[in-house]
Amino acid sequence: MGIADHVKLVGAEICGTHKANQTIFTGPIRIDQRLLFHVKIVTSIGINYGQIANNLPTPENVIPLVKSIGATRVKLYDADPKVLKAFANTGVEFTVSLGNEYLAKMRDPDCAKAWIKSNVQAYLPATKITCITVGNEVLTFNDTSLSGCLLPAMESVHTALVNLGLDKQVSVTTAHSLGVLGNSYPPSAGAFRKDLVDCMTPILDFHVKTASPFLINAYPYFAYKGSPKQVSLDFVLFQPNQGIVDPASNLHYDNMLFAQIDAVYAALASLGYKKLLLHISETGWPSKGDEDEAGATPENAKKYNGNLIKLISSKKGTPMRPNCDLNIYVFALFNENLKPGPTSERNYGLFKPDGSPSYSLGISAVTAANTTVASPTPPTLPDTSSGNDPDSGSGSTGYLSISSATKGRYEFVGSVMLVLVFFLISLLL
């Protein structure tokens with residue numbers, strides 16, 4: 001493998017709540033079984049459902065697509081009332097989101113309580129909302145006014161849930177970019193950025209206190225895109241390869257995502273949070289890109305997402321945590337035609353807007369073990385669909401494109417440059 005195989009380059013999406021979706025495709029969606037290869041899913045798959053597009057199917061027509069990949073968990077970038085209504089009585093678990101623009105306002109307990117009443121409590125128990133993400137990748141914006149609002153907003157939302165008697169069924173968390181790491185190689189030496197430790201520690205204490213998961217967005221695709229001649233494509237696509245060995249732990253890694261995940265586990269352990277639950281809130285691979293976007297092809301996207309789903313279904317953990325199930329949300333459900341940035345931004349979807357697969361990935365509609373996802377029944381829910389109401393879950397400023405994330409995307413992390421220097425020296429000796 002090339003020396004850049006040892007390099008973890010930051011890649012993650014900055015997300016807030018998105019603009020109200022203007023759906024125009026309303027016809028029934030048929031799943032073409034000929035496009036599916038049959039993989040029995042024995043564990044829960046998560047999927048990110050973004051809606052920066054003007055041609056997506058109605059939420060009612062999205063339900064069979066979610067079922068077709070065996071997904072039982074969906075993460076929204078807002079609390080879209082149309083989606084939450086449509087998925088009532090399906091058994092699908094939902095994560096709803098408060099964008100970064102809401103953080104200052106959510107510090108007010110009354111505002112937090114009002115938002116939860118309108119966007120969470122109103123849909124329970126018919127729609128299975130189990131988590132609220134407050135902000136996205138806040139700590140890597142390097143905006144102290146924004147980061148200063150994060151924990152108070154999380155605490156305020158949790159307090160509101162407690163006061164409404166919902167804290168046992170709905171957790172509160174926030175998603176982070178891998179840019180929060182100051183060192184990621186070897187995985188066993190993973191550590192948070194020193195300048196973030198003081199604000200990260202109380203957030204971790206909050207997770208322990210509330211038993212909520214720590215979320216990380218991880219995109220090995222950007223490592224390959226940044227150095228396609230050095231980074232092994234097989235290593236990032238979960239294909240057979242010789243892998244790397246962590247010199248400190250002697251653990252073998254045959255894919256980059258697991259190395260990234262274990263670097264986060266090590267970072268958590270280094271601060272005394274070894275038992276904290278970790279979820280990968282976003283990961284994916286684009287099926288199309290511009291000329292300078294190496295690797296963005298249908299074949300590579302099929303390999304990445306197909307092999308990833310196989311790993312999830314195998315119920316095998318990472319080398320550092322072999323007995324822990326992988327809690328991963330694939331990005332994304334649809335190609336989104338209104339996302340800004342390079343072509344890849346609009347081509348992360350497993351599906352095209354008409355419901356056909358973006359590539360012949362396909363997963364047999366077998367849901368998680370011992371879990372049944374029922375057909376929807378007509379919901380009897382209040383109408384809170386005011387898309388532009390600031391207290392509504394939808395109609396906000398929009399989550400940003402992946403490529404517009406912080407400049408750390410293509411930067412080497414922590415002491416990785418030193419690793420490369422020592423490696424080059426060893427070649428010369």
# chains A, B, ... in the order shown; residues from 1 in each chain; ligands from 1

call {"tool": "residues_around", "arguments": {"residues": "segment 95-105 of chain A", "least_positions_apart": "6", "cutoff": "6 Å", "atoms": "only C-alpha atoms", "output": "list in words"}}
result
Gly16, Thr17, Lys75, Leu76, Tyr77, Asp78, Ala79, Cys131, Ile132, Thr133, Val134, Gly135, Cys149 and Ala153 of chain A

call {"tool": "write_last_selection", "arguments": {"atoms": "C-alpha atoms", "output": "PDB file, in the first residue's frame"}}
result
ATOM      1  CA  GLY A  16     -28.338  22.204   9.322  1.00  0.00           C
ATOM      2  CA  THR A  17     -32.043  22.013   8.689  1.00  0.00           C
ATOM      3  CA  LYS A  75     -32.173  10.577   9.930  1.00  0.00           C
ATOM      4  CA  LEU A  76     -33.714  13.851   8.784  1.00  0.00           C
ATOM      5  CA  TYR A  77     -31.996  17.214   8.633  1.00  0.00           C
ATOM      6  CA  ASP A  78     -35.082  18.873  10.074  1.00  0.00           C
ATOM      7  CA  ALA A  79     -38.406  17.662  11.436  1.00  0.00           C
ATOM      8  CA  CYS A 131     -33.366  11.062  18.778  1.00  0.00           C
ATOM      9  CA  ILE A 132     -32.847  14.795  18.261  1.00  0.00           C
ATOM     10  CA  THR A 133     -29.562  16.111  16.874  1.00  0.00           C
ATOM     11  CA  VAL A 134     -28.808  19.666  17.977  1.00  0.00           C
ATOM     12  CA  GLY A 135     -26.502  21.366  15.501  1.00  0.00           C
ATOM     13  CA  CYS A 149     -24.330  27.799  22.339  1.00  0.00           C
ATOM     14  CA  ALA A 153     -28.885  24.160  23.635  1.00  0.00           C
TER      15      ALA A 153
END

call {"tool": "select_by_dssp", "arguments": {"residues": "segment 14-217 of chain A", "states": "helix (DSSP H, G or I)", "output": "ChimeraX atom specification"}}
result
/A:33-35,59-68,81-86,100-106,109-119,121-123,138-140,144-163,178-180,187-189,194-210

call {"tool": "select_by_dssp", "arguments": {"residues": "segment 207-253 of chain A", "states": "strand (DSSP E)", "output": "list in words"}}
result
Phe214, Leu215, Ile216, Asn217, Ile244, Val245, His252 and Tyr253 of chain A

call {"tool": "residues_around", "arguments": {"residues": "Lys303 of chain A", "least_positions_apart": "3", "cutoff": "8 Å", "atoms": "only C-alpha atoms", "output": "short mmCIF file (atom, residue, chain, number, x, y, z; two decimals) with all heavy atoms, in the first residue's frame"}}
result
data_model
loop_
_atom_site.label_atom_id
_atom_site.label_comp_id
_atom_site.auth_asym_id
_atom_site.auth_seq_id
_atom_site.Cartn_x
_atom_site.Cartn_y
_atom_site.Cartn_z
N LEU A 237 -12.57 1.05 -0.29
CA LEU A 237 -13.81 0.45 -0.78
C LEU A 237 -14.14 -0.89 -0.12
O LEU A 237 -15.05 -1.59 -0.58
CB LEU A 237 -13.74 0.26 -2.30
CG LEU A 237 -13.70 1.52 -3.15
CD1 LEU A 237 -13.61 1.15 -4.63
CD2 LEU A 237 -14.90 2.41 -2.89
N PHE A 238 -13.42 -1.26 0.93
CA PHE A 238 -13.66 -2.53 1.62
C PHE A 238 -13.38 -3.73 0.71
O PHE A 238 -13.95 -4.81 0.90
CB PHE A 238 -15.10 -2.64 2.14
CG PHE A 238 -15.58 -1.47 2.93
CD1 PHE A 238 -16.36 -0.49 2.36
CD2 PHE A 238 -15.27 -1.35 4.28
CE1 PHE A 238 -16.83 0.60 3.09
CE2 PHE A 238 -15.72 -0.28 5.03
CZ PHE A 238 -16.50 0.70 4.42
N GLN A 239 -12.51 -3.56 -0.27
CA GLN A 239 -12.14 -4.66 -1.16
C GLN A 239 -10.93 -5.39 -0.56
O GLN A 239 -10.23 -4.86 0.29
CB GLN A 239 -11.78 -4.11 -2.54
CG GLN A 239 -12.96 -3.50 -3.29
CD GLN A 239 -13.96 -4.54 -3.74
OE1 GLN A 239 -14.99 -4.76 -3.10
NE2 GLN A 239 -13.66 -5.20 -4.84
N GLU A 299 -19.61 2.36 -10.17
CA GLU A 299 -18.98 1.11 -9.74
C GLU A 299 -18.38 1.25 -8.34
O GLU A 299 -18.54 0.37 -7.49
CB GLU A 299 -17.90 0.68 -10.73
CG GLU A 299 -17.23 -0.65 -10.40
CD GLU A 299 -18.18 -1.82 -10.43
OE1 GLU A 299 -19.22 -1.76 -11.12
OE2 GLU A 299 -17.89 -2.83 -9.74
N ASN A 300 -17.67 2.35 -8.09
CA ASN A 300 -17.07 2.55 -6.77
C ASN A 300 -18.13 2.79 -5.70
O ASN A 300 -17.99 2.33 -4.57
CB ASN A 300 -16.09 3.72 -6.81
CG ASN A 300 -14.82 3.39 -7.56
OD1 ASN A 300 -14.49 2.22 -7.76
ND2 ASN A 300 -14.10 4.41 -8.01
N GLY A 306 -22.32 -1.08 -0.99
CA GLY A 306 -22.69 -2.50 -0.92
C GLY A 306 -21.87 -3.25 0.11
O GLY A 306 -22.40 -4.00 0.92
N ASN A 307 -20.55 -3.04 0.08
CA ASN A 307 -19.69 -3.71 1.05
C ASN A 307 -19.94 -3.20 2.46
O ASN A 307 -19.86 -3.96 3.43
CB ASN A 307 -18.21 -3.50 0.68
CG ASN A 307 -17.81 -4.30 -0.54
OD1 ASN A 307 -18.39 -5.33 -0.85
ND2 ASN A 307 -16.81 -3.81 -1.27
#

call {"tool": "closest_residue", "arguments": {"among": "A:Leu268, A:Ala211, A:Leu350, A:Val120", "to": "Val66 of chain A", "atoms": "only C-alpha atoms"}}
result
A:Leu350

call {"tool": "residues_around", "arguments": {"residues": "Phe351 of chain A", "least_positions_apart": "4", "cutoff": "8 Å", "atoms": "only C-alpha atoms", "output": "PyMOL selection string"}}
result
chain A and resi 333-335+355-359

call {"tool": "write_last_selection", "arguments": {"atoms": "N, CA, C and O atoms", "output": "PDB file, in the first residue's frame"}}
result
ATOM      1  N   LEU A 333     -30.174   8.845   0.896  1.00  0.00           N
ATOM      2  CA  LEU A 333     -31.270   8.133   0.245  1.00  0.00           C
ATOM      3  C   LEU A 333     -31.407   8.535  -1.221  1.00  0.00           C
ATOM      4  O   LEU A 333     -31.540   7.689  -2.103  1.00  0.00           O
ATOM      5  N   PHE A 334     -31.362   9.847  -1.497  1.00  0.00           N
ATOM      6  CA  PHE A 334     -31.595  10.346  -2.858  1.00  0.00           C
ATOM      7  C   PHE A 334     -30.454  11.216  -3.367  1.00  0.00           C
ATOM      8  O   PHE A 334     -29.767  11.890  -2.590  1.00  0.00           O
ATOM      9  N   ASN A 335     -30.307  11.239  -4.687  1.00  0.00           N
ATOM     10  CA  ASN A 335     -29.550  12.309  -5.330  1.00  0.00           C
ATOM     11  C   ASN A 335     -30.361  13.591  -5.164  1.00  0.00           C
ATOM     12  O   ASN A 335     -31.582  13.585  -5.364  1.00  0.00           O
ATOM     13  N   GLY A 355     -37.179   6.966  -8.095  1.00  0.00           N
ATOM     14  CA  GLY A 355     -37.233   5.733  -7.317  1.00  0.00           C
ATOM     15  C   GLY A 355     -36.381   4.608  -7.862  1.00  0.00           C
ATOM     16  O   GLY A 355     -36.263   3.557  -7.228  1.00  0.00           O
ATOM     17  N   SER A 356     -35.758   4.810  -9.020  1.00  0.00           N
ATOM     18  CA  SER A 356     -34.879   3.775  -9.560  1.00  0.00           C
ATOM     19  C   SER A 356     -33.513   3.870  -8.898  1.00  0.00           C
ATOM     20  O   SER A 356     -33.084   4.959  -8.501  1.00  0.00           O
ATOM     21  N   PRO A 357     -32.810   2.737  -8.763  1.00  0.00           N
ATOM     22  CA  PRO A 357     -31.489   2.774  -8.127  1.00  0.00           C
ATOM     23  C   PRO A 357     -30.501   3.620  -8.927  1.00  0.00           C
ATOM     24  O   PRO A 357     -30.529   3.622 -10.157  1.00  0.00           O
ATOM     25  N   SER A 358     -29.632   4.329  -8.233  1.00  0.00           N
ATOM     26  CA  SER A 358     -28.588   5.096  -8.907  1.00  0.00           C
ATOM     27  C   SER A 358     -27.580   4.173  -9.564  1.00  0.00           C
ATOM     28  O   SER A 358     -26.907   4.542 -10.521  1.00  0.00           O
ATOM     29  N   TYR A 359     -27.463   2.962  -9.046  1.00  0.00           N
ATOM     30  CA  TYR A 359     -26.623   1.901  -9.591  1.00  0.00           C
ATOM     31  C   TYR A 359     -27.204   0.607  -9.062  1.00  0.00           C
ATOM     32  O   TYR A 359     -28.027   0.601  -8.148  1.00  0.00           O
TER      33      TYR A 359
END

call {"tool": "residues_around", "arguments": {"residues": "Asp254 of chain A", "least_positions_apart": "6", "cutoff": "7 Å", "atoms": "only C-alpha atoms", "output": "list in words"}}
result
Phe235, Asn241, Gln242, Gly243 and Ile244 of chain A

call {"tool": "atom_distance", "arguments": {"atom1": "atom CA of Leu204 of chain A", "atom2": "atom CA of Pro187 of chain A"}}
result
19.8 Å

call {"tool": "closest_residue", "arguments": {"among": "A:Tyr123, A:Lys117, A:Ala71, A:Leu276", "to": "Val83 of chain A", "atoms": "only C-alpha atoms"}}
result
A:Tyr123

call {"tool": "atom_distance", "arguments": {"atom1": "atom CA of Phe94 of chain A", "atom2": "atom CA of Arg107 of chain A"}}
result
23.2 Å

call {"tool": "atom_distance", "arguments": {"atom1": "atom CA of Lys128 of chain A", "atom2": "atom CA of Leu166 of chain A"}}
result
12.0 Å

call {"tool": "closest_residue", "arguments": {"among": "A:Asn217, A:Ser177, A:Ser344, A:Thr201", "to": "Leu151 of chain A", "atoms": "only C-alpha atoms"}}
result
A:Thr201

call {"tool": "closest_residue", "arguments": {"among": "A:Lys67, A:Lys315, A:Lys274, A:His279", "to": "Ile261 of chain A", "atoms": "only C-alpha atoms"}}
result
A:His279

call {"tool": "residues_around", "arguments": {"residues": "Val74 of chain A", "least_positions_apart": "5", "cutoff": "7 Å", "atoms": "only C-alpha atoms", "output": "ChimeraX atom specification"}}
result
/A:46-49,93-95

call {"tool": "residues_around", "arguments": {"residues": "Val236 of chain A", "least_positions_apart": "3", "cutoff": "7 Å", "atoms": "only C-alpha atoms", "output": "ChimeraX atom specification"}}
result
/A:220,232-233,255-256
